[in-house]
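Pasting input_31.cif here (mmCIF, C-alpha atoms and all ligand atoms):
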data_model
loop_
_atom_site.label_atom_id
_atom_site.label_comp_id
_atom_site.auth_asym_id
_atom_site.auth_seq_id
_atom_site.Cartn_x
_atom_site.Cartn_y
_atom_site.Cartn_z
CA MET O 1 13.69 15.16 67.09
CA PHE O 2 12.09 15.30 63.63
CA ARG O 3 8.38 14.82 62.99
CA GLY O 4 6.12 14.56 59.94
CA ALA O 5 2.63 13.36 59.01
CA SER O 6 3.59 9.69 59.46
CA PHE O 7 6.81 9.60 61.45
CA GLU O 8 8.57 10.81 64.55
CA ARG O 9 12.30 10.30 64.87
CA ARG O 10 14.72 10.98 67.72
CA LEU O 11 18.44 11.30 67.04
CA ASP O 12 21.24 11.50 69.56
CA VAL O 13 23.22 14.61 68.60
CA SER O 14 25.62 14.58 71.55
CA THR O 15 28.53 14.40 69.07
CA SER O 16 27.29 17.55 67.23
CA PRO O 17 25.51 19.47 70.00
CA TYR O 18 23.22 22.32 69.05
CA THR O 19 24.44 25.56 70.57
CA MET O 20 22.19 28.55 71.07
CA ILE O 21 23.74 32.01 71.02
CA ARG O 22 21.42 34.97 71.49
CA GLY O 23 22.35 37.72 69.03
CA GLU O 24 22.21 40.58 71.50
CA ASP O 25 24.44 38.70 74.01
CA PHE O 26 26.93 37.84 71.29
CA PHE O 27 27.14 41.40 69.96
CA SER O 28 27.28 43.16 73.31
CA SER O 29 30.06 40.91 74.66
CA THR O 30 32.05 40.86 71.38
CA LEU O 31 31.79 44.61 70.76
CA SER O 32 32.80 45.44 74.35
CA TYR O 33 35.74 43.01 74.09
CA LEU O 34 36.92 44.63 70.83
CA GLU O 35 36.52 48.15 72.27
CA SER O 36 38.58 47.10 75.29
CA LYS O 37 41.35 46.14 72.80
CA GLY O 38 41.30 49.61 71.20
CA VAL O 39 39.07 48.89 68.18
CA GLU O 40 37.15 51.99 67.05
CA PHE O 41 33.69 51.68 65.50
CA GLN O 42 31.98 54.09 63.12
CA TRP O 43 28.22 53.48 63.06
CA GLU O 44 25.31 54.55 60.83
CA CYS O 45 27.42 55.55 57.79
CA SER O 46 25.20 56.57 54.88
CA SER O 47 27.72 55.31 52.29
CA VAL O 48 30.58 52.81 52.55
CA GLU O 49 32.97 51.62 49.84
CA VAL O 50 35.53 48.93 50.51
CA SER O 51 38.68 48.27 48.49
CA LYS O 52 41.90 46.33 49.11
CA ASN O 53 43.43 48.69 51.66
CA THR O 54 40.95 51.51 52.10
CA ILE O 55 37.47 52.17 53.37
CA HIS O 56 35.59 55.26 52.15
CA ALA O 57 32.81 56.07 54.61
CA ASP O 58 30.71 59.21 54.40
CA GLY O 59 33.34 60.96 52.28
CA GLN O 60 36.20 60.10 54.64
CA THR O 61 38.97 57.70 53.54
CA SER O 62 40.85 55.46 56.01
CA THR O 63 43.82 53.33 54.96
CA PHE O 64 44.69 49.97 56.55
CA ASP O 65 47.19 47.13 56.07
CA ALA O 66 44.26 44.91 55.10
CA VAL O 67 40.50 45.31 54.83
CA VAL O 68 37.95 42.56 55.51
CA ASP O 69 34.60 43.01 53.77
CA ALA O 70 31.67 41.62 55.78
CA ALA O 71 29.01 43.95 54.32
CA PHE O 72 25.80 42.25 53.32
CA GLU O 73 22.24 43.43 52.80
CA ALA O 74 19.79 40.49 52.76
CA THR O 75 16.83 42.59 51.58
CA THR O 76 18.53 43.41 48.26
CA ALA O 77 20.07 39.95 47.74
CA ARG O 78 19.06 37.72 44.82
CA ALA O 79 18.51 34.09 45.74
CA MET O 80 17.01 30.85 44.42
CA MET O 81 14.79 30.58 47.51
CA TRP O 82 14.28 32.28 50.86
CA GLN O 83 14.23 30.88 54.33
CA SER O 84 12.04 33.14 56.44
CA PHE O 85 11.08 32.51 60.04
CA ALA O 86 9.53 34.10 63.08
CA GLY O 87 9.41 32.84 66.61
CA VAL O 88 8.17 33.69 70.05
CA TRP O 89 9.72 33.07 73.46
CA VAL O 90 7.27 31.24 75.66
CA SER O 91 7.24 30.70 79.42
CA SER O 92 4.98 28.61 81.57
CA HIS O 93 4.36 28.05 85.31
CA GLN O 94 4.09 24.32 84.58
CA PRO O 95 6.97 22.12 83.34
CA ILE O 96 5.71 21.64 79.76
CA PHE O 97 9.00 21.34 77.80
CA ASP O 98 11.81 18.77 77.79
CA PRO O 99 15.12 20.68 77.82
CA GLY O 100 16.93 17.51 76.67
CA THR O 101 15.07 17.40 73.34
CA ALA O 102 14.79 20.02 70.62
CA LEU O 103 12.12 19.51 67.98
CA LEU O 104 14.20 20.63 64.99
CA MET O 105 11.58 20.15 62.28
CA ASP O 106 7.88 19.36 62.59
CA ILE O 107 7.08 19.27 58.87
CA HIS O 108 3.77 20.82 57.77
CA GLU O 109 1.78 20.73 54.53
CA SER O 110 3.48 22.22 51.44
CA SER O 111 1.82 24.99 49.47
CA ALA O 112 2.58 26.85 46.25
CA GLU O 113 3.87 29.81 48.25
CA ALA O 114 5.86 27.70 50.74
CA PRO O 115 7.17 24.32 49.48
CA VAL O 116 8.78 23.59 52.86
CA SER O 117 7.12 24.63 56.10
CA PHE O 118 8.07 23.46 59.58
CA LEU O 119 7.84 24.31 63.24
CA TYR O 120 10.83 24.35 65.52
CA ILE O 121 10.80 24.11 69.33
CA LEU O 122 13.97 24.87 71.25
CA PRO O 123 13.43 24.46 75.00
CA THR O 124 15.90 26.27 77.27
CA SER O 125 14.34 24.78 80.44
CA GLU O 126 11.22 22.83 81.44
CA ARG O 127 9.32 26.12 81.51
CA THR O 128 10.84 28.21 78.70
CA ALA O 129 11.27 27.66 74.98
CA LEU O 130 11.61 29.37 71.64
CA VAL O 131 8.75 28.33 69.35
CA GLU O 132 9.53 29.20 65.75
CA HIS O 133 7.97 28.63 62.32
CA THR O 134 10.11 28.49 59.16
CA THR O 135 9.44 28.27 55.43
CA PHE O 136 11.58 27.76 52.33
CA SER O 137 9.75 29.83 49.73
CA PRO O 138 10.32 31.77 46.50
CA SER O 139 9.84 35.04 48.45
CA PRO O 140 10.16 35.64 52.20
CA MET O 141 6.89 35.21 54.11
CA ALA O 142 5.70 37.93 56.50
CA LYS O 143 6.40 37.85 60.24
CA GLY O 144 2.65 37.62 61.06
CA TYR O 145 2.25 34.56 58.80
CA HIS O 146 4.93 32.69 60.75
CA LEU O 147 3.78 33.85 64.20
CA ASP O 148 0.18 32.75 63.49
CA ARG O 149 1.49 29.21 62.95
CA CYS O 150 3.42 29.36 66.23
CA PHE O 151 0.29 30.53 68.10
CA GLU O 152 -1.81 27.78 66.47
CA TRP O 153 0.72 25.15 67.58
CA LEU O 154 0.85 26.52 71.12
CA SER O 155 -2.92 26.62 71.56
CA ARG O 156 -3.26 23.13 70.09
CA ASN O 157 -0.55 21.59 72.28
CA HIS O 158 -0.51 23.67 75.44
CA ARG O 159 -3.89 25.45 75.54
CA ASP O 160 -3.44 28.47 77.79
CA GLU O 161 -0.64 27.16 80.02
CA PHE O 162 1.89 29.64 78.60
CA GLN O 163 2.78 33.34 78.47
CA LEU O 164 4.15 34.94 75.32
CA GLY O 165 7.42 36.89 75.45
CA ALA O 166 9.70 38.55 72.89
CA THR O 167 9.38 37.70 69.19
CA GLU O 168 12.02 37.47 66.46
CA TYR O 169 11.98 37.43 62.67
CA GLY O 170 14.55 36.81 59.95
CA ALA O 171 14.91 36.05 56.24
CA ILE O 172 17.97 34.30 54.84
CA PRO O 173 18.70 34.03 51.10
CA MET O 174 19.22 30.38 50.05
CA GLY O 175 21.30 29.72 46.95
CA LEU O 176 22.92 33.13 46.85
CA ARG O 177 25.57 33.73 44.24
CA SER O 178 27.75 36.73 44.90
CA MET O 179 31.42 36.18 45.37
CA PRO O 180 33.64 39.03 46.47
CA SER O 181 36.54 40.50 44.54
CA PRO O 182 39.56 38.21 45.14
CA ALA O 183 41.58 41.31 46.04
CA ILE O 184 39.66 41.72 49.29
CA TYR O 185 39.36 39.49 52.32
CA ALA O 186 35.71 38.69 52.91
CA VAL O 187 33.63 36.80 55.45
CA GLY O 188 29.96 36.00 55.92
CA SER O 189 27.15 35.79 53.37
CA THR O 190 29.06 37.84 50.82
CA ALA O 191 31.82 35.20 50.93
CA GLY O 192 29.41 32.25 50.54
CA ALA O 193 29.02 31.33 54.22
CA VAL O 194 25.30 30.56 53.87
CA ARG O 195 24.70 26.89 53.00
CA PRO O 196 22.15 26.95 50.13
CA ALA O 197 19.95 24.05 51.30
CA THR O 198 19.79 24.88 55.00
CA GLY O 199 20.41 28.63 55.33
CA TYR O 200 22.86 27.92 58.19
CA ALA O 201 25.73 30.40 58.24
CA PHE O 202 26.99 31.14 61.75
CA VAL O 203 29.50 28.32 62.16
CA ARG O 204 30.96 28.75 58.67
CA ALA O 205 31.26 32.53 59.09
CA HIS O 206 33.16 32.00 62.35
CA GLU O 207 35.52 29.56 60.61
CA GLN O 208 36.03 32.06 57.78
CA ALA O 209 36.86 34.81 60.29
CA ARG O 210 39.50 32.60 61.91
CA GLN O 211 40.95 31.65 58.49
CA VAL O 212 41.07 35.25 57.31
CA ALA O 213 42.77 36.32 60.56
CA GLY O 214 45.43 33.63 59.96
CA GLN O 215 45.87 34.70 56.33
CA ILE O 216 46.31 38.35 57.28
CA LEU O 217 48.88 37.44 59.93
CA SER O 218 50.80 35.29 57.44
CA GLN O 219 50.19 37.87 54.66
CA GLY O 220 48.65 35.11 52.57
CA CYS O 221 45.78 35.37 50.09
CA GLN O 222 42.26 34.30 50.88
CA SER O 223 41.60 30.89 49.40
CA ASN O 224 38.44 30.00 51.08
CA THR O 225 35.76 27.78 49.64
CA PRO O 226 33.21 27.61 52.46
CA TYR O 227 31.48 24.48 51.12
CA PRO O 228 32.72 21.97 48.55
CA ARG O 229 31.38 22.59 45.04
CA TRP O 230 29.70 19.15 44.83
CA LEU O 231 27.67 20.04 47.94
CA THR O 232 26.51 23.48 46.75
CA CYS O 233 25.61 21.99 43.33
CA ALA O 234 23.52 19.28 45.00
CA ASP O 235 21.91 21.89 47.27
CA SER O 236 21.00 23.93 44.18
CA LEU O 237 19.30 20.88 42.63
CA PHE O 238 17.24 20.48 45.81
CA LEU O 239 16.17 24.15 45.67
CA THR O 240 15.37 23.85 41.94
CA ALA O 241 13.16 20.83 42.65
CA LEU O 242 11.31 22.79 45.37
CA ARG O 243 10.80 25.76 43.06
CA ASN O 244 9.58 23.57 40.18
CA ALA O 245 7.23 21.39 42.24
CA PRO O 246 6.40 23.17 45.51
CA GLU O 247 3.62 20.70 46.36
CA ARG O 248 6.19 17.88 46.67
CA GLY O 249 8.34 19.67 49.28
CA ARG O 250 6.81 17.85 52.23
CA GLU O 251 7.25 14.40 50.66
CA ILE O 252 10.93 15.08 49.86
CA MET O 253 11.68 16.46 53.33
CA GLU O 254 9.78 13.72 55.17
CA ARG O 255 11.52 10.92 53.29
CA LEU O 256 14.91 12.50 53.87
CA LEU O 257 14.36 13.09 57.59
CA SER O 258 12.70 9.73 58.27
CA GLN O 259 14.89 7.42 56.12
CA ALA O 260 18.42 8.85 56.08
CA ARG O 261 21.02 7.20 58.31
CA GLY O 262 21.08 9.13 61.60
CA ASP O 263 24.78 10.01 61.85
CA ALA O 264 24.92 10.89 58.14
CA LEU O 265 21.85 13.12 58.47
CA VAL O 266 23.35 15.05 61.41
CA ALA O 267 26.62 15.54 59.49
CA PHE O 268 24.66 16.54 56.36
CA LEU O 269 22.63 19.20 58.15
CA SER O 270 25.76 20.58 59.85
CA GLY O 271 27.39 21.10 56.42
CA ASP O 272 30.52 19.27 57.57
CA VAL O 273 29.78 16.15 55.56
CA THR O 274 31.80 13.61 53.56
CA VAL O 275 30.76 12.60 50.03
CA ARG O 276 29.91 9.14 51.37
CA ASP O 277 27.54 10.44 54.06
CA ALA O 278 25.97 12.94 51.66
CA LEU O 279 25.37 10.13 49.15
CA SER O 280 23.66 8.01 51.77
CA VAL O 281 21.36 10.96 52.63
CA TRP O 282 20.56 11.69 48.97
CA LEU O 283 19.70 8.02 48.39
CA SER O 284 16.92 8.37 50.98
CA VAL O 285 15.18 11.07 48.91
CA PRO O 286 12.33 9.69 46.71
CA LYS O 287 14.19 9.46 43.39
CA CYS O 288 11.21 9.52 41.00
CA THR O 289 9.67 12.49 42.81
CA MET O 290 12.98 14.34 42.71
CA LEU O 291 13.55 13.57 39.02
CA ARG O 292 10.00 14.53 38.05
CA SER O 293 10.35 17.77 40.02
CA LEU O 294 13.62 18.64 38.33
CA LEU O 295 12.15 17.87 34.89
CA ARG O 296 8.83 19.61 35.76
CA VAL O 297 6.74 16.55 34.87
C1 LIG O 301 16.44 35.94 64.51
C2 LIG O 301 17.51 35.30 63.65
C3 LIG O 301 17.93 34.01 63.96
C4 LIG O 301 18.91 33.40 63.18
N1 LIG O 301 19.33 32.13 63.51
C5 LIG O 301 20.34 31.58 62.80
C6 LIG O 301 20.85 30.28 63.18
O1 LIG O 301 20.39 29.66 64.13
N2 LIG O 301 21.88 29.78 62.45
C7 LIG O 301 22.44 30.46 61.40
O2 LIG O 301 23.39 29.97 60.80
N3 LIG O 301 21.95 31.65 61.01
C8 LIG O 301 20.93 32.22 61.69
N4 LIG O 301 20.44 33.44 61.32
C9 LIG O 301 20.97 34.05 60.09
C10 LIG O 301 22.26 34.73 60.36
O3 LIG O 301 22.05 35.74 61.33
C11 LIG O 301 22.75 35.36 59.06
O4 LIG O 301 22.83 34.40 58.03
C12 LIG O 301 24.12 35.92 59.34
O5 LIG O 301 24.01 36.97 60.28
C13 LIG O 301 24.73 36.47 58.10
O6 LIG O 301 25.95 37.05 58.48
P1 LIG O 301 26.61 38.17 57.64
O7 LIG O 301 27.78 38.67 58.44
O8 LIG O 301 26.84 37.73 56.25
O9 LIG O 301 25.50 39.31 57.54
P2 LIG O 301 24.91 40.24 58.67
O10 LIG O 301 24.99 39.62 60.01
O11 LIG O 301 23.58 40.68 58.14
O12 LIG O 301 25.94 41.47 58.68
C14 LIG O 301 26.11 42.27 57.51
C15 LIG O 301 26.37 43.69 57.98
O13 LIG O 301 26.70 44.48 56.82
C16 LIG O 301 26.12 45.75 57.02
N5 LIG O 301 26.06 46.39 55.69
C17 LIG O 301 25.16 46.22 54.71
N6 LIG O 301 25.48 46.96 53.63
C18 LIG O 301 26.63 47.60 53.95
C19 LIG O 301 27.48 48.50 53.24
N7 LIG O 301 27.23 48.91 52.00
N8 LIG O 301 28.58 48.92 53.88
C20 LIG O 301 28.87 48.53 55.14
N9 LIG O 301 28.10 47.68 55.85
C21 LIG O 301 27.01 47.23 55.25
C22 LIG O 301 24.77 45.47 57.64
O14 LIG O 301 24.28 46.60 58.31
C23 LIG O 301 25.14 44.34 58.63
O15 LIG O 301 25.49 44.85 59.88
C24 LIG O 301 19.47 34.08 62.07
C25 LIG O 301 19.02 35.36 61.76
C26 LIG O 301 18.05 35.97 62.54
C27 LIG O 301 17.59 37.37 62.19
#
Mind turning this structure into structure tokens?
Ligand SMILES: Cc1cc2nc3c(=O)[nH]c(=O)nc-3n(C[C@H](O)[C@H](O)[C@H](O)COP(=O)(O)OP(=O)(O)OC[C@H]3O[C@@H](n4cnc5c(N)ncnc54)[C@H](O)[C@@H]3O)c2cc1C
Amino acid sequence: MFRGASFERRLDVSTSPYTMIRGEDFFSSTLSYLESKGVEFQWECSSVEVSKNTIHADGQTSTFDAVVDAAFEATTARAMMWQSFAGVWVSSHQPIFDPGTALLMDIHESSAEAPVSFLYILPTSERTALVEHTTFSPSPMAKGYHLDRCFEWLSRNHRDEFQLGATEYGAIPMGLRSMPSPAIYAVGSTAGAVRPATGYAFVRAHEQARQVAGQILSQGCQSNTPYPRWLTCADSLFLTALRNAPERGREIMERLLSQARGDALVAFLSGDVTVRDALSVWLSVPKCTMLRSLLRV
């Protein structure tokens, strides 16, 4: 479901279901699986340098048939915009959530510091949900800023029927440009897995990992372009418009979410989109507003 000042829209996403993976579950099961296969890990290295066949870590050099570089440090990244978010797990004695419906974006007012601002509710049962607030902004917003908006929403909609649980926070660079050396296999943000306009990365990073594994096995070179160039260029225009005219962020997002054809919108957000579907989504954006924002008029 998407919601804005003057619309509420439900889309059937059964063909592209949303999957929730909790980070700690993913890492604990994946790391134990790899250890059971004989993989050795070296943690907390103070310095790491990666080249085609070697890794230098804390003064020690290890040589391999191939090296995959997945190193990335978001806090030092340079980006056109930032997607920052914080959320809180909520539980209730009463059935207050609908586990069949996720509220993916409840669009809020734009501001100079946060052109796009929305709340996100992901129920995991009738009594438990993740309530999260997200912004697209020139610099990441603080965790407390996001959590305050989650608490406001909860008290407005559910008064005191809920208990607060664990919180989470993250900041993802949007419109990052740092491509790895072609001599090295790379996956993740450093290899362009983060979609500029949405900040989504997980699915693409998993695909890259599978591709790189295949390339290593066939001793091929990495030839991976995570997103087509036309899509990243269009995403960059969207981010430029938000940076130039932050106060118009809400209008652009609301028109896109309320007017775009449903199936095209779902494909567009997933990043797995044809030119035709992307065009139909772009046509729903207010053209004058977009043009004026790009030209700063
Ligand atoms: C709470 C939370 C929720 C999220 N939800 C989603 C979501 O729903 N969908 C989605 O797509 N994304 C989501 N993200 C974002 C997603 O986690 C990141 O975009 C993704 O992890 C980036 O993957 P990565 O492998 O490039 O970087 P990371 O997962 O950050 O891994 C990079 C690793 O490199 C290491 N490193 C850094 N520098 C060096 C160095 N010099 N040498 C060696 N290692 C180094 C770091 O310690 C780190 O372990 C979320 C993030 C958070 C925090």
Where does chain O meet ligand LIG 301 (chain O) within 10 Å, residue by residue, with the nearest atom pair and distance in Å to one decimal for each, counting only C-alpha atoms and all ligand atoms, listed by chain and rising number, as a Markdown table?
| residue | atom | partner | partner_atom | distance |
| --- | --- | --- | --- | --- |
| O:Tyr18 | CA | O:LIG301 | O1 | 9.3 |
| O:Thr19 | CA | O:LIG301 | O1 | 8.6 |
| O:Met20 | CA | O:LIG301 | O1 | 7.3 |
| O:Ile21 | CA | O:LIG301 | O1 | 8.0 |
| O:Arg22 | CA | O:LIG301 | C3 | 8.4 |
| O:Gly23 | CA | O:LIG301 | C2 | 7.6 |
| O:Trp43 | CA | O:LIG301 | O14 | 9.2 |
| O:Glu44 | CA | O:LIG301 | O14 | 8.4 |
| O:Cys45 | CA | O:LIG301 | C20 | 7.6 |
| O:Ser46 | CA | O:LIG301 | N8 | 8.4 |
| O:Ser47 | CA | O:LIG301 | N7 | 6.4 |
| O:Val48 | CA | O:LIG301 | N8 | 4.6 |
| O:Glu49 | CA | O:LIG301 | N8 | 6.5 |
| O:Val50 | CA | O:LIG301 | N8 | 7.7 |
| O:Ile55 | CA | O:LIG301 | N8 | 9.5 |
| O:His56 | CA | O:LIG301 | N8 | 9.6 |
| O:Ala57 | CA | O:LIG301 | N8 | 8.3 |
| O:Asp69 | CA | O:LIG301 | C20 | 8.1 |
| O:Ala70 | CA | O:LIG301 | O7 | 5.6 |
| O:Ala71 | CA | O:LIG301 | O13 | 3.4 |
| O:Phe72 | CA | O:LIG301 | C14 | 4.2 |
| O:Glu73 | CA | O:LIG301 | C17 | 4.5 |
| O:Ala74 | CA | O:LIG301 | O11 | 6.6 |
| O:Thr75 | CA | O:LIG301 | O11 | 9.6 |
| O:Thr76 | CA | O:LIG301 | N6 | 9.5 |
| O:Gln83 | CA | O:LIG301 | C9 | 9.4 |
| O:Ser84 | CA | O:LIG301 | C26 | 9.0 |
| O:Phe85 | CA | O:LIG301 | C1 | 7.8 |
| O:Ala86 | CA | O:LIG301 | C1 | 7.3 |
| O:Gly87 | CA | O:LIG301 | C1 | 8.0 |
| O:Glu132 | CA | O:LIG301 | C1 | 9.7 |
| O:Thr167 | CA | O:LIG301 | C1 | 8.7 |
| O:Glu168 | CA | O:LIG301 | C1 | 5.1 |
| O:Tyr169 | CA | O:LIG301 | C1 | 5.0 |
| O:Gly170 | CA | O:LIG301 | C27 | 3.8 |
| O:Ala171 | CA | O:LIG301 | C27 | 6.7 |
| O:Ile172 | CA | O:LIG301 | O4 | 5.8 |
| O:Pro173 | CA | O:LIG301 | O4 | 8.1 |
| O:Met174 | CA | O:LIG301 | O4 | 9.6 |
| O:Ala186 | CA | O:LIG301 | O8 | 9.5 |
| O:Val187 | CA | O:LIG301 | O7 | 6.8 |
| O:Gly188 | CA | O:LIG301 | O8 | 3.6 |
| O:Ser189 | CA | O:LIG301 | O8 | 3.5 |
| O:Thr190 | CA | O:LIG301 | O8 | 5.9 |
| O:Ala191 | CA | O:LIG301 | O8 | 7.7 |
| O:Gly192 | CA | O:LIG301 | O8 | 8.3 |
| O:Ala193 | CA | O:LIG301 | O8 | 7.1 |
| O:Val194 | CA | O:LIG301 | O4 | 6.2 |
| O:Arg195 | CA | O:LIG301 | O2 | 8.5 |
| O:Thr198 | CA | O:LIG301 | O2 | 8.5 |
| O:Gly199 | CA | O:LIG301 | O2 | 6.4 |
| O:Tyr200 | CA | O:LIG301 | O2 | 3.4 |
| O:Ala201 | CA | O:LIG301 | O2 | 3.5 |
| O:Phe202 | CA | O:LIG301 | O2 | 3.9 |
| O:Val203 | CA | O:LIG301 | O2 | 6.5 |
| O:Arg204 | CA | O:LIG301 | O2 | 8.0 |
| O:Ala205 | CA | O:LIG301 | O6 | 7.0 |
| O:His206 | CA | O:LIG301 | O7 | 9.4 |
| O:Ser270 | CA | O:LIG301 | O2 | 9.7 |
Please save C-alpha atoms of the selected residues as a PDB file, in the coordinates of the input.
ATOM      1  CA  TYR O  18      23.220  22.320  69.050  1.00  0.00           C
ATOM      2  CA  THR O  19      24.440  25.560  70.570  1.00  0.00           C
ATOM      3  CA  MET O  20      22.190  28.550  71.070  1.00  0.00           C
ATOM      4  CA  ILE O  21      23.740  32.010  71.020  1.00  0.00           C
ATOM      5  CA  ARG O  22      21.420  34.970  71.490  1.00  0.00           C
ATOM      6  CA  GLY O  23      22.350  37.720  69.030  1.00  0.00           C
ATOM      7  CA  TRP O  43      28.220  53.480  63.060  1.00  0.00           C
ATOM      8  CA  GLU O  44      25.310  54.550  60.830  1.00  0.00           C
ATOM      9  CA  CYS O  45      27.420  55.550  57.790  1.00  0.00           C
ATOM     10  CA  SER O  46      25.200  56.570  54.880  1.00  0.00           C
ATOM     11  CA  SER O  47      27.720  55.310  52.290  1.00  0.00           C
ATOM     12  CA  VAL O  48      30.580  52.810  52.550  1.00  0.00           C
ATOM     13  CA  GLU O  49      32.970  51.620  49.840  1.00  0.00           C
ATOM     14  CA  VAL O  50      35.530  48.930  50.510  1.00  0.00           C
ATOM     15  CA  ILE O  55      37.470  52.170  53.370  1.00  0.00           C
ATOM     16  CA  HIS O  56      35.590  55.260  52.150  1.00  0.00           C
ATOM     17  CA  ALA O  57      32.810  56.070  54.610  1.00  0.00           C
ATOM     18  CA  ASP O  69      34.600  43.010  53.770  1.00  0.00           C
ATOM     19  CA  ALA O  70      31.670  41.620  55.780  1.00  0.00           C
ATOM     20  CA  ALA O  71      29.010  43.950  54.320  1.00  0.00           C
ATOM     21  CA  PHE O  72      25.800  42.250  53.320  1.00  0.00           C
ATOM     22  CA  GLU O  73      22.240  43.430  52.800  1.00  0.00           C
ATOM     23  CA  ALA O  74      19.790  40.490  52.760  1.00  0.00           C
ATOM     24  CA  THR O  75      16.830  42.590  51.580  1.00  0.00           C
ATOM     25  CA  THR O  76      18.530  43.410  48.260  1.00  0.00           C
ATOM     26  CA  GLN O  83      14.230  30.880  54.330  1.00  0.00           C
ATOM     27  CA  SER O  84      12.040  33.140  56.440  1.00  0.00           C
ATOM     28  CA  PHE O  85      11.080  32.510  60.040  1.00  0.00           C
ATOM     29  CA  ALA O  86       9.530  34.100  63.080  1.00  0.00           C
ATOM     30  CA  GLY O  87       9.410  32.840  66.610  1.00  0.00           C
ATOM     31  CA  GLU O 132       9.530  29.200  65.750  1.00  0.00           C
ATOM     32  CA  THR O 167       9.380  37.700  69.190  1.00  0.00           C
ATOM     33  CA  GLU O 168      12.020  37.470  66.460  1.00  0.00           C
ATOM     34  CA  TYR O 169      11.980  37.430  62.670  1.00  0.00           C
ATOM     35  CA  GLY O 170      14.550  36.810  59.950  1.00  0.00           C
ATOM     36  CA  ALA O 171      14.910  36.050  56.240  1.00  0.00           C
ATOM     37  CA  ILE O 172      17.970  34.300  54.840  1.00  0.00           C
ATOM     38  CA  PRO O 173      18.700  34.030  51.100  1.00  0.00           C
ATOM     39  CA  MET O 174      19.220  30.380  50.050  1.00  0.00           C
ATOM     40  CA  ALA O 186      35.710  38.690  52.910  1.00  0.00           C
ATOM     41  CA  VAL O 187      33.630  36.800  55.450  1.00  0.00           C
ATOM     42  CA  GLY O 188      29.960  36.000  55.920  1.00  0.00           C
ATOM     43  CA  SER O 189      27.150  35.790  53.370  1.00  0.00           C
ATOM     44  CA  THR O 190      29.060  37.840  50.820  1.00  0.00           C
ATOM     45  CA  ALA O 191      31.820  35.200  50.930  1.00  0.00           C
ATOM     46  CA  GLY O 192      29.410  32.250  50.540  1.00  0.00           C
ATOM     47  CA  ALA O 193      29.020  31.330  54.220  1.00  0.00           C
ATOM     48  CA  VAL O 194      25.300  30.560  53.870  1.00  0.00           C
ATOM     49  CA  ARG O 195      24.700  26.890  53.000  1.00  0.00           C
ATOM     50  CA  THR O 198      19.790  24.880  55.000  1.00  0.00           C
ATOM     51  CA  GLY O 199      20.410  28.630  55.330  1.00  0.00           C
ATOM     52  CA  TYR O 200      22.860  27.920  58.190  1.00  0.00           C
ATOM     53  CA  ALA O 201      25.730  30.400  58.240  1.00  0.00           C
ATOM     54  CA  PHE O 202      26.990  31.140  61.750  1.00  0.00           C
ATOM     55  CA  VAL O 203      29.500  28.320  62.160  1.00  0.00           C
ATOM     56  CA  ARG O 204      30.960  28.750  58.670  1.00  0.00           C
ATOM     57  CA  ALA O 205      31.260  32.530  59.090  1.00  0.00           C
ATOM     58  CA  HIS O 206      33.160  32.000  62.350  1.00  0.00           C
ATOM     59  CA  SER O 270      25.760  20.580  59.850  1.00  0.00           C
TER      60      SER O 270
END
Residue with the minimum atom-to-atom distance to Pro17 of chain O, picked from O:Ile252, O:Thr225, O:Ala267, O:Leu257 with all atoms listed in the file counted, is O:Ala267
- Task: Write out as a list of chain:residue names each polymer residue whose atoms come within 10 Å of Ala66 of chain O, counting all atoms listed in the file; drop sequence neighbours fewer than 6 positions from it.
- Result: O:Ser51, O:Lys52, O:Asn53, O:Thr54, O:Ile184, O:Tyr185, O:Ile216, O:Gln219
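Proximity ranking of O:Val90, O:Val297, O:Cys221, O:Ile107 relative to Phe162 of chain O places O:Val90 first, based on all atoms listed in the file.
Between Lys287 of chain O and the residues O:Arg261, O:Thr128, O:Leu256, O:Tyr120, the shortest atom-to-atom distance, using all atoms listed in the file, involves O:Leu256.
One distance worth recording is that between atom CA of Ser117 of chain O and atom CA of Ala241 of chain O, which is 15.2 Å.
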Since the input lacks atoms, please generate N, CA and C atoms for segment 206-213 of chain O and provide them as a short mmCIF file (atom, residue, chain, number, x, y, z; two decimals), in the coordinates of the input.
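Done, and the output landed in rebuild.cif:
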data_model
loop_
_atom_site.label_atom_id
_atom_site.label_comp_id
_atom_site.auth_asym_id
_atom_site.auth_seq_id
_atom_site.Cartn_x
_atom_site.Cartn_y
_atom_site.Cartn_z
N HIS O 206 32.14 31.97 61.30
CA HIS O 206 33.16 32.00 62.35
C HIS O 206 34.45 31.35 61.87
N GLU O 207 34.31 30.22 61.15
CA GLU O 207 35.52 29.56 60.61
C GLU O 207 36.22 30.47 59.62
N GLN O 208 35.43 31.14 58.76
CA GLN O 208 36.03 32.06 57.78
C GLN O 208 36.80 33.16 58.49
N ALA O 209 36.21 33.70 59.57
CA ALA O 209 36.86 34.81 60.29
C ALA O 209 38.21 34.35 60.83
N ARG O 210 38.23 33.12 61.38
CA ARG O 210 39.50 32.60 61.91
C ARG O 210 40.51 32.42 60.78
N GLN O 211 40.04 31.86 59.64
CA GLN O 211 40.95 31.65 58.49
C GLN O 211 41.52 32.97 57.99
N VAL O 212 40.63 33.96 57.84
CA VAL O 212 41.07 35.25 57.31
C VAL O 212 42.08 35.88 58.27
N ALA O 213 41.83 35.76 59.59
CA ALA O 213 42.77 36.32 60.56
C ALA O 213 44.15 35.68 60.36
#
